[in-house]
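Source file: target39.pdb (PDB, C-alpha atoms)
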ATOM      1  CA  ALA S 243      45.487 -26.183 123.621  1.00  0.00           C
ATOM      2  CA  LEU S 244      46.602 -25.682 120.037  1.00  0.00           C
ATOM      3  CA  LEU S 245      44.356 -23.731 117.684  1.00  0.00           C
ATOM      4  CA  GLY S 246      44.790 -23.452 113.927  1.00  0.00           C
ATOM      5  CA  ALA S 247      43.120 -24.174 110.619  1.00  0.00           C
ATOM      6  CA  PRO S 248      43.229 -27.642 109.037  1.00  0.00           C
ATOM      7  CA  GLY S 249      46.706 -28.095 107.582  1.00  0.00           C
ATOM      8  CA  ALA S 250      48.433 -25.688 109.976  1.00  0.00           C
ATOM      9  CA  GLY S 251      50.228 -28.568 111.672  1.00  0.00           C
ATOM     10  CA  LYS S 252      48.393 -28.788 115.004  1.00  0.00           C
ATOM     11  CA  GLY S 253      48.616 -32.564 115.117  1.00  0.00           C
ATOM     12  CA  THR S 254      52.322 -32.736 114.304  1.00  0.00           C
ATOM     13  CA  TYR S 255      53.325 -30.112 116.841  1.00  0.00           C
ATOM     14  CA  ALA S 256      50.946 -31.349 119.533  1.00  0.00           C
ATOM     15  CA  LYS S 257      52.336 -34.883 119.253  1.00  0.00           C
ATOM     16  CA  LYS S 258      55.964 -33.741 119.401  1.00  0.00           C
ATOM     17  CA  LEU S 259      55.384 -31.281 122.252  1.00  0.00           C
ATOM     18  CA  ALA S 260      53.514 -33.949 124.222  1.00  0.00           C
ATOM     19  CA  HIS S 261      56.399 -36.379 123.743  1.00  0.00           C
ATOM     20  CA  HIS S 262      58.991 -33.790 124.797  1.00  0.00           C
ATOM     21  CA  PHE S 263      57.170 -32.708 127.971  1.00  0.00           C
ATOM     22  CA  ASP S 264      55.573 -36.095 128.797  1.00  0.00           C
ATOM     23  CA  TRP S 265      52.065 -34.673 128.332  1.00  0.00           C
ATOM     24  CA  ALA S 266      49.037 -36.572 127.135  1.00  0.00           C
ATOM     25  CA  HIS S 267      48.198 -35.774 123.505  1.00  0.00           C
ATOM     26  CA  ILE S 268      44.422 -35.501 123.364  1.00  0.00           C
ATOM     27  CA  CYS S 269      43.545 -35.369 119.680  1.00  0.00           C
ATOM     28  CA  ALA S 270      39.868 -34.870 118.890  1.00  0.00           C
ATOM     29  CA  GLY S 271      40.315 -36.183 115.355  1.00  0.00           C
ATOM     30  CA  ASP S 272      41.985 -39.417 116.509  1.00  0.00           C
ATOM     31  CA  ILE S 273      39.249 -40.006 119.079  1.00  0.00           C
ATOM     32  CA  LEU S 274      36.580 -39.543 116.408  1.00  0.00           C
ATOM     33  CA  ARG S 275      38.357 -41.724 113.848  1.00  0.00           C
ATOM     34  CA  GLN S 276      38.660 -44.491 116.436  1.00  0.00           C
ATOM     35  CA  GLN S 277      34.911 -44.325 116.939  1.00  0.00           C
ATOM     36  CA  VAL S 278      34.394 -44.461 113.152  1.00  0.00           C
ATOM     37  CA  VAL S 279      36.649 -47.525 112.793  1.00  0.00           C
ATOM     38  CA  GLN S 280      34.787 -49.241 115.628  1.00  0.00           C
ATOM     39  CA  ARG S 281      31.501 -48.345 113.880  1.00  0.00           C
ATOM     40  CA  SER S 282      29.982 -47.236 117.138  1.00  0.00           C
ATOM     41  CA  ALA S 283      26.737 -45.272 117.090  1.00  0.00           C
ATOM     42  CA  LEU S 284      28.782 -42.143 117.680  1.00  0.00           C
ATOM     43  CA  GLY S 285      31.198 -43.092 114.908  1.00  0.00           C
ATOM     44  CA  VAL S 286      28.439 -43.573 112.343  1.00  0.00           C
ATOM     45  CA  GLU S 287      26.929 -40.218 113.263  1.00  0.00           C
ATOM     46  CA  ALA S 288      30.280 -38.438 113.227  1.00  0.00           C
ATOM     47  CA  LYS S 289      31.364 -39.890 109.853  1.00  0.00           C
ATOM     48  CA  SER S 290      28.497 -38.195 108.030  1.00  0.00           C
ATOM     49  CA  PHE S 291      29.810 -34.829 109.224  1.00  0.00           C
ATOM     50  CA  ILE S 292      33.522 -35.597 108.732  1.00  0.00           C
ATOM     51  CA  ASP S 293      33.069 -36.755 105.133  1.00  0.00           C
ATOM     52  CA  GLN S 294      31.398 -33.435 104.281  1.00  0.00           C
ATOM     53  CA  GLY S 295      34.118 -31.386 105.977  1.00  0.00           C
ATOM     54  CA  LYS S 296      31.660 -30.200 108.615  1.00  0.00           C
ATOM     55  CA  LEU S 297      32.154 -29.954 112.372  1.00  0.00           C
ATOM     56  CA  VAL S 298      30.820 -32.726 114.595  1.00  0.00           C
ATOM     57  CA  PRO S 299      28.115 -31.351 116.957  1.00  0.00           C
ATOM     58  CA  ASP S 300      29.461 -29.665 120.097  1.00  0.00           C
ATOM     59  CA  ALA S 301      27.625 -31.941 122.525  1.00  0.00           C
ATOM     60  CA  VAL S 302      29.229 -35.057 121.035  1.00  0.00           C
ATOM     61  CA  MET S 303      32.750 -33.617 121.060  1.00  0.00           C
ATOM     62  CA  THR S 304      32.490 -32.149 124.545  1.00  0.00           C
ATOM     63  CA  SER S 305      31.350 -35.454 126.007  1.00  0.00           C
ATOM     64  CA  LEU S 306      34.290 -37.282 124.431  1.00  0.00           C
ATOM     65  CA  ILE S 307      36.866 -34.710 125.541  1.00  0.00           C
ATOM     66  CA  ASN S 308      35.475 -34.554 129.083  1.00  0.00           C
ATOM     67  CA  GLU S 309      35.789 -38.325 129.416  1.00  0.00           C
ATOM     68  CA  THR S 310      39.344 -38.329 128.017  1.00  0.00           C
ATOM     69  CA  VAL S 311      40.575 -35.442 130.181  1.00  0.00           C
ATOM     70  CA  THR S 312      39.091 -37.068 133.286  1.00  0.00           C
ATOM     71  CA  GLN S 313      41.046 -40.267 132.581  1.00  0.00           C
ATOM     72  CA  CYS S 314      44.346 -38.434 131.912  1.00  0.00           C
ATOM     73  CA  ASN S 315      47.155 -39.691 134.190  1.00  0.00           C
ATOM     74  CA  LYS S 316      49.995 -37.555 132.826  1.00  0.00           C
ATOM     75  CA  PRO S 317      51.466 -34.431 134.490  1.00  0.00           C
ATOM     76  CA  GLY S 318      49.756 -32.356 131.812  1.00  0.00           C
ATOM     77  CA  PHE S 319      47.960 -32.609 128.490  1.00  0.00           C
ATOM     78  CA  ILE S 320      47.705 -30.785 125.191  1.00  0.00           C
ATOM     79  CA  LEU S 321      44.427 -30.488 123.301  1.00  0.00           C
ATOM     80  CA  ASP S 322      44.588 -30.833 119.531  1.00  0.00           C
ATOM     81  CA  GLY S 323      41.511 -30.100 117.411  1.00  0.00           C
ATOM     82  CA  TYR S 324      39.340 -29.102 120.369  1.00  0.00           C
ATOM     83  CA  PRO S 325      37.860 -26.648 121.102  1.00  0.00           C
ATOM     84  CA  ARG S 326      36.944 -25.527 117.586  1.00  0.00           C
ATOM     85  CA  THR S 327      34.082 -23.189 118.433  1.00  0.00           C
ATOM     86  CA  ALA S 328      33.441 -20.577 121.110  1.00  0.00           C
ATOM     87  CA  SER S 329      30.577 -22.739 122.331  1.00  0.00           C
ATOM     88  CA  GLN S 330      32.954 -25.691 122.828  1.00  0.00           C
ATOM     89  CA  ALA S 331      35.403 -23.392 124.632  1.00  0.00           C
ATOM     90  CA  ARG S 332      32.719 -22.261 127.062  1.00  0.00           C
ATOM     91  CA  GLU S 333      31.739 -25.887 127.705  1.00  0.00           C
ATOM     92  CA  LEU S 334      35.394 -26.785 128.237  1.00  0.00           C
ATOM     93  CA  ASP S 335      35.679 -23.988 130.812  1.00  0.00           C
ATOM     94  CA  THR S 336      33.054 -25.748 132.948  1.00  0.00           C
ATOM     95  CA  PHE S 337      35.200 -28.846 133.578  1.00  0.00           C
ATOM     96  CA  CYS S 338      38.760 -27.854 132.681  1.00  0.00           C
ATOM     97  CA  GLN S 339      40.746 -24.633 133.065  1.00  0.00           C
ATOM     98  CA  LEU S 340      43.436 -24.243 130.420  1.00  0.00           C
ATOM     99  CA  ASP S 341      46.554 -22.275 131.294  1.00  0.00           C
ATOM    100  CA  HIS S 342      47.733 -21.526 127.744  1.00  0.00           C
ATOM    101  CA  VAL S 343      46.369 -21.469 124.198  1.00  0.00           C
ATOM    102  CA  LEU S 344      48.658 -21.346 121.150  1.00  0.00           C
ATOM    103  CA  ASN S 345      47.111 -20.098 117.911  1.00  0.00           C
ATOM    104  CA  LEU S 346      49.040 -21.353 114.859  1.00  0.00           C
ATOM    105  CA  SER S 347      48.619 -19.583 111.520  1.00  0.00           C
ATOM    106  CA  LEU S 348      49.905 -20.468 108.068  1.00  0.00           C
ATOM    107  CA  ASP S 349      49.504 -19.140 104.530  1.00  0.00           C
ATOM    108  CA  ARG S 350      46.255 -20.477 103.046  1.00  0.00           C
ATOM    109  CA  ASP S 351      47.785 -21.818  99.801  1.00  0.00           C
ATOM    110  CA  VAL S 352      50.425 -23.667 101.795  1.00  0.00           C
ATOM    111  CA  MET S 353      47.748 -25.227 104.012  1.00  0.00           C
ATOM    112  CA  VAL S 354      45.892 -26.536 100.962  1.00  0.00           C
ATOM    113  CA  GLN S 355      49.079 -28.059  99.534  1.00  0.00           C
ATOM    114  CA  LYS S 356      49.863 -29.699 102.869  1.00  0.00           C
ATOM    115  CA  LEU S 357      46.373 -31.153 103.219  1.00  0.00           C
ATOM    116  CA  LEU S 358      46.433 -32.556  99.692  1.00  0.00           C
ATOM    117  CA  GLY S 359      49.835 -34.115 100.401  1.00  0.00           C
ATOM    118  CA  ARG S 360      48.915 -35.642 103.739  1.00  0.00           C
ATOM    119  CA  ARG S 361      49.153 -39.440 104.043  1.00  0.00           C
ATOM    120  CA  VAL S 362      48.451 -41.610 107.063  1.00  0.00           C
ATOM    121  CA  CYS S 363      49.000 -45.194 108.169  1.00  0.00           C
ATOM    122  CA  PRO S 364      45.566 -46.838 108.503  1.00  0.00           C
ATOM    123  CA  LYS S 365      46.872 -49.110 111.280  1.00  0.00           C
ATOM    124  CA  CYS S 366      48.911 -46.947 113.697  1.00  0.00           C
ATOM    125  CA  GLY S 367      47.877 -43.478 112.541  1.00  0.00           C
ATOM    126  CA  GLU S 368      51.436 -42.267 111.865  1.00  0.00           C
ATOM    127  CA  GLY S 369      51.354 -39.260 109.549  1.00  0.00           C
ATOM    128  CA  TYR S 370      53.462 -38.360 106.511  1.00  0.00           C
ATOM    129  CA  ASN S 371      53.280 -35.665 103.837  1.00  0.00           C
ATOM    130  CA  ILE S 372      54.386 -35.889 100.214  1.00  0.00           C
ATOM    131  CA  ALA S 373      54.142 -32.122  99.621  1.00  0.00           C
ATOM    132  CA  HIS S 374      57.473 -30.309  99.358  1.00  0.00           C
ATOM    133  CA  ILE S 375      56.893 -26.576  99.752  1.00  0.00           C
ATOM    134  CA  SER S 376      59.556 -23.979  98.996  1.00  0.00           C
ATOM    135  CA  GLU S 377      58.165 -20.537  98.275  1.00  0.00           C
ATOM    136  CA  GLY S 378      60.147 -17.431  99.176  1.00  0.00           C
ATOM    137  CA  GLU S 379      61.173 -17.742 102.830  1.00  0.00           C
ATOM    138  CA  MET S 380      58.743 -20.621 103.383  1.00  0.00           C
ATOM    139  CA  HIS S 381      60.495 -23.986 103.407  1.00  0.00           C
ATOM    140  CA  MET S 382      58.589 -27.118 104.393  1.00  0.00           C
ATOM    141  CA  PRO S 383      60.200 -30.309 103.118  1.00  0.00           C
ATOM    142  CA  ALA S 384      58.135 -33.432 102.550  1.00  0.00           C
ATOM    143  CA  ILE S 385      57.841 -35.909 105.422  1.00  0.00           C
ATOM    144  CA  LEU S 386      58.370 -39.247 103.691  1.00  0.00           C
ATOM    145  CA  PRO S 387      58.779 -42.864 104.815  1.00  0.00           C
ATOM    146  CA  THR S 388      62.451 -43.760 105.256  1.00  0.00           C
ATOM    147  CA  ILE S 389      62.242 -47.517 104.659  1.00  0.00           C
ATOM    148  CA  LYS S 390      59.875 -48.159 101.756  1.00  0.00           C
ATOM    149  CA  ALA S 391      58.162 -45.587  99.556  1.00  0.00           C
ATOM    150  CA  ASP S 392      54.459 -45.024 100.313  1.00  0.00           C
ATOM    151  CA  HIS S 393      54.583 -47.482 103.235  1.00  0.00           C
ATOM    152  CA  CYS S 394      54.501 -46.816 106.974  1.00  0.00           C
ATOM    153  CA  ASP S 395      57.913 -47.125 108.641  1.00  0.00           C
ATOM    154  CA  ARG S 396      56.323 -48.789 111.676  1.00  0.00           C
ATOM    155  CA  CYS S 397      53.777 -51.126 110.109  1.00  0.00           C
ATOM    156  CA  SER S 398      55.144 -51.658 106.562  1.00  0.00           C
ATOM    157  CA  ILE S 399      51.655 -51.253 105.071  1.00  0.00           C
ATOM    158  CA  PRO S 400      50.570 -48.835 102.318  1.00  0.00           C
ATOM    159  CA  LEU S 401      49.739 -45.290 103.379  1.00  0.00           C
ATOM    160  CA  GLN S 402      46.341 -43.808 102.640  1.00  0.00           C
ATOM    161  CA  GLN S 403      44.877 -40.394 101.971  1.00  0.00           C
ATOM    162  CA  ARG S 404      42.150 -39.419 104.434  1.00  0.00           C
ATOM    163  CA  SER S 405      38.643 -39.254 102.992  1.00  0.00           C
ATOM    164  CA  ASP S 406      38.356 -35.573 103.962  1.00  0.00           C
ATOM    165  CA  ASP S 407      41.650 -34.572 102.297  1.00  0.00           C
ATOM    166  CA  LYS S 408      40.054 -33.937  98.897  1.00  0.00           C
ATOM    167  CA  LYS S 409      40.115 -30.465  97.301  1.00  0.00           C
ATOM    168  CA  SER S 410      36.367 -29.803  97.522  1.00  0.00           C
ATOM    169  CA  ILE S 411      36.171 -30.957 101.140  1.00  0.00           C
ATOM    170  CA  ILE S 412      39.328 -29.037 102.084  1.00  0.00           C
ATOM    171  CA  THR S 413      37.793 -25.836 100.721  1.00  0.00           C
ATOM    172  CA  GLU S 414      34.668 -26.425 102.802  1.00  0.00           C
ATOM    173  CA  ARG S 415      36.665 -27.257 105.938  1.00  0.00           C
ATOM    174  CA  LEU S 416      38.664 -24.047 105.657  1.00  0.00           C
ATOM    175  CA  ARG S 417      35.503 -22.013 105.072  1.00  0.00           C
ATOM    176  CA  VAL S 418      33.889 -23.532 108.152  1.00  0.00           C
ATOM    177  CA  TYR S 419      37.049 -22.927 110.183  1.00  0.00           C
ATOM    178  CA  ASP S 420      37.190 -19.266 109.182  1.00  0.00           C
ATOM    179  CA  GLU S 421      33.560 -18.840 110.192  1.00  0.00           C
ATOM    180  CA  GLN S 422      33.950 -20.582 113.549  1.00  0.00           C
ATOM    181  CA  SER S 423      37.442 -19.478 114.578  1.00  0.00           C
ATOM    182  CA  LYS S 424      36.935 -15.726 114.995  1.00  0.00           C
ATOM    183  CA  PRO S 425      34.690 -15.952 118.089  1.00  0.00           C
ATOM    184  CA  LEU S 426      36.848 -18.820 119.429  1.00  0.00           C
ATOM    185  CA  VAL S 427      40.055 -16.791 119.175  1.00  0.00           C
ATOM    186  CA  ALA S 428      38.259 -13.773 120.671  1.00  0.00           C
ATOM    187  CA  HIS S 429      37.148 -15.926 123.628  1.00  0.00           C
ATOM    188  CA  TYR S 430      40.706 -16.885 124.505  1.00  0.00           C
ATOM    189  CA  ARG S 431      42.228 -13.523 123.643  1.00  0.00           C
ATOM    190  CA  LYS S 432      39.921 -11.995 126.252  1.00  0.00           C
ATOM    191  CA  SER S 433      41.261 -14.491 128.789  1.00  0.00           C
ATOM    192  CA  GLY S 434      44.776 -13.131 128.348  1.00  0.00           C
ATOM    193  CA  PHE S 435      46.595 -16.420 127.765  1.00  0.00           C
ATOM    194  CA  LEU S 436      46.359 -16.736 123.980  1.00  0.00           C
ATOM    195  CA  PHE S 437      49.595 -16.504 121.991  1.00  0.00           C
ATOM    196  CA  ASP S 438      49.700 -16.093 118.193  1.00  0.00           C
ATOM    197  CA  PHE S 439      52.446 -17.919 116.306  1.00  0.00           C
ATOM    198  CA  VAL S 440      52.961 -17.503 112.549  1.00  0.00           C
ATOM    199  CA  LEU S 441      54.500 -20.621 111.002  1.00  0.00           C
ATOM    200  CA  PHE S 442      57.373 -19.684 108.734  1.00  0.00           C
ATOM    201  CA  SER S 443      59.088 -23.011 108.107  1.00  0.00           C
ATOM    202  CA  GLY S 444      58.944 -26.735 108.775  1.00  0.00           C
ATOM    203  CA  VAL S 445      59.062 -28.772 111.972  1.00  0.00           C
ATOM    204  CA  ARG S 446      62.857 -28.812 112.237  1.00  0.00           C
ATOM    205  CA  ASP S 447      63.022 -25.016 112.526  1.00  0.00           C
ATOM    206  CA  VAL S 448      59.780 -24.349 114.397  1.00  0.00           C
ATOM    207  CA  LEU S 449      59.650 -27.078 117.057  1.00  0.00           C
ATOM    208  CA  PRO S 450      62.647 -25.804 119.093  1.00  0.00           C
ATOM    209  CA  LEU S 451      61.009 -22.365 119.244  1.00  0.00           C
ATOM    210  CA  LEU S 452      57.735 -23.830 120.518  1.00  0.00           C
ATOM    211  CA  ILE S 453      59.560 -25.917 123.134  1.00  0.00           C
ATOM    212  CA  ARG S 454      61.393 -22.817 124.332  1.00  0.00           C
ATOM    213  CA  HIS S 455      58.091 -20.908 124.385  1.00  0.00           C
ATOM    214  CA  PHE S 456      56.432 -23.433 126.717  1.00  0.00           C
ATOM    215  CA  LYS S 457      59.528 -23.633 128.936  1.00  0.00           C
ATOM    216  CA  ASP S 458      59.476 -19.841 129.288  1.00  0.00           C
ATOM    217  CA  ILE S 459      55.802 -19.991 130.283  1.00  0.00           C
ATOM    218  CA  ALA S 460      56.505 -22.657 132.907  1.00  0.00           C
ATOM    219  CA  SER S 461      59.449 -20.727 134.373  1.00  0.00           C
ATOM    220  CA  SER S 462      57.412 -17.530 134.625  1.00  0.00           C
ATOM    221  CA  LYS S 463      54.753 -19.120 136.870  1.00  0.00           C
TER     222      LYS S 463
END
Can the structure in the file be given as structure tokens, please?
Amino acid sequence: ALLGAPGAGKGTYAKKLAHHFDWAHICAGDILRQQVVQRSALGVEAKSFIDQGKLVPDAVMTSLINETVTQCNKPGFILDGYPRTASQARELDTFCQLDHVLNLSLDRDVMVQKLLGRRVCPKCGEGYNIAHISEGEMHMPAILPTIKADHCDRCSIPLQQRSDDKKSIITERLRVYDEQSKPLVAHYRKSGFLFDFVLFSGVRDVLPLLIRHFKDIASSK
């Protein structure tokens, strides 16, 4: 599982690691957004929380993740955006035993810039980021479309900003994360398989290190 505040890059790294190792990428946010688009009863309920930057109730999330993990047919999977609370972690322990948890951390100002710059394709969900960050040793270039500006490379339709990527909602999301993450991190630190990783640069520099990290873990078993 990948832990980290909104804007730390969990989704980007989870997707790329899953592709590299042929794991299933189980993204709690994508699952929820699919429910919202389908306007299911769950989606309508979840949207009221998402739009306020609040966490969706544990019972709802746990049920969705349990169902998705049960249906997984890959050699492994990586959880992205779940668990977010110690309560969710304890529920997860009842039906799934994780073997590693990676806790990503990033400077708070950089996270805010990244969240404000995030853009997504409303059709396929491909993510981009218009924020170019270069402060001291921190270098995170923008992730832009390569074919047509402000349009998805895959679908050729205009990119959108997520409804929860507004400054006021971002501030609330980060506050909620800070409040909820301490007991969550403590839960996994006690287990002995939590690893802290401080992000210092962009995907090009960091991804090879994360791949090597997971290969080292696999070879040590």
Nearest residue to S:Ile268 from the set S:Gly285, S:Gly318, S:Pro400, S:Pro383 (distances using all atoms listed in the file):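 Once distances to S:Ile268 are computed over all atoms listed in the file, the minimum belongs to S:Gly318.
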Neighbour list for S:Asp392 as an MDAnalysis selection string, cut-off 12 Å, all atoms listed in the file, skip fewer than 2 positions in-chain: chainID S and resid 359:363 369:372 385:390 394:395 397:403
Limited to C-alpha atoms, could you put the picked residues into a file as an mmCIF file, keeping the file's coordinate frame?
data_model
loop_
_atom_site.group_PDB
_atom_site.id
_atom_site.type_symbol
_atom_site.label_atom_id
_atom_site.label_comp_id
_atom_site.auth_asym_id
_atom_site.auth_seq_id
_atom_site.Cartn_x
_atom_site.Cartn_y
_atom_site.Cartn_z
ATOM 1 C CA GLY S 359 49.835 -34.115 100.401
ATOM 2 C CA ARG S 360 48.915 -35.642 103.739
ATOM 3 C CA ARG S 361 49.153 -39.440 104.043
ATOM 4 C CA VAL S 362 48.451 -41.610 107.063
ATOM 5 C CA CYS S 363 49.000 -45.194 108.169
ATOM 6 C CA GLY S 369 51.354 -39.260 109.549
ATOM 7 C CA TYR S 370 53.462 -38.360 106.511
ATOM 8 C CA ASN S 371 53.280 -35.665 103.837
ATOM 9 C CA ILE S 372 54.386 -35.889 100.214
ATOM 10 C CA ILE S 385 57.841 -35.909 105.422
ATOM 11 C CA LEU S 386 58.370 -39.247 103.691
ATOM 12 C CA PRO S 387 58.779 -42.864 104.815
ATOM 13 C CA THR S 388 62.451 -43.760 105.256
ATOM 14 C CA ILE S 389 62.242 -47.517 104.659
ATOM 15 C CA LYS S 390 59.875 -48.159 101.756
ATOM 16 C CA CYS S 394 54.501 -46.816 106.974
ATOM 17 C CA ASP S 395 57.913 -47.125 108.641
ATOM 18 C CA CYS S 397 53.777 -51.126 110.109
ATOM 19 C CA SER S 398 55.144 -51.658 106.562
ATOM 20 C CA ILE S 399 51.655 -51.253 105.071
ATOM 21 C CA PRO S 400 50.570 -48.835 102.318
ATOM 22 C CA LEU S 401 49.739 -45.290 103.379
ATOM 23 C CA GLN S 402 46.341 -43.808 102.640
ATOM 24 C CA GLN S 403 44.877 -40.394 101.971
#
Taking all atoms of stretch 421-437 of chain S that the file lists and extending 8 Å past them on each side, where is the centre of the axis-aligned box and how long are its edges? Answer in Å to one decimal, as AutoDock Vina command-line options.
--center_x 41.6 --center_y -16.3 --center_z 119.5 --size_x 32.0 --size_y 24.6 --size_z 34.6
Target residues per the PyMOL selection byres ((chain S and resi 252) around 10), formatted as a PyMOL selection string: chain S and resi 243-251+253-257+269+321-323+344-347
Residue IDs satisfying the PyMOL selection byres ((chain S and resi 380) around 12), as a PyMOL selection string: chain S and resi 348-349+351-353+374-379+381-383+440-445+447-448
List the residues matched by the PyMOL selection byres ((chain S and resi 459) around 12) in the displayed structure as an mmCIF file with C-alpha atoms, in the frame of the given file, ordered by chain and then by residue number.
data_model
loop_
_atom_site.group_PDB
_atom_site.id
_atom_site.type_symbol
_atom_site.label_atom_id
_atom_site.label_comp_id
_atom_site.auth_asym_id
_atom_site.auth_seq_id
_atom_site.Cartn_x
_atom_site.Cartn_y
_atom_site.Cartn_z
ATOM 1 C CA ASP S 341 46.554 -22.275 131.294
ATOM 2 C CA HIS S 342 47.733 -21.526 127.744
ATOM 3 C CA VAL S 343 46.369 -21.469 124.198
ATOM 4 C CA LEU S 344 48.658 -21.346 121.150
ATOM 5 C CA PHE S 435 46.595 -16.420 127.765
ATOM 6 C CA LEU S 436 46.359 -16.736 123.980
ATOM 7 C CA PHE S 437 49.595 -16.504 121.991
ATOM 8 C CA LEU S 452 57.735 -23.830 120.518
ATOM 9 C CA ILE S 453 59.560 -25.917 123.134
ATOM 10 C CA ARG S 454 61.393 -22.817 124.332
ATOM 11 C CA HIS S 455 58.091 -20.908 124.385
ATOM 12 C CA PHE S 456 56.432 -23.433 126.717
ATOM 13 C CA LYS S 457 59.528 -23.633 128.936
ATOM 14 C CA ASP S 458 59.476 -19.841 129.288
ATOM 15 C CA ALA S 460 56.505 -22.657 132.907
ATOM 16 C CA SER S 461 59.449 -20.727 134.373
ATOM 17 C CA SER S 462 57.412 -17.530 134.625
ATOM 18 C CA LYS S 463 54.753 -19.120 136.870
#
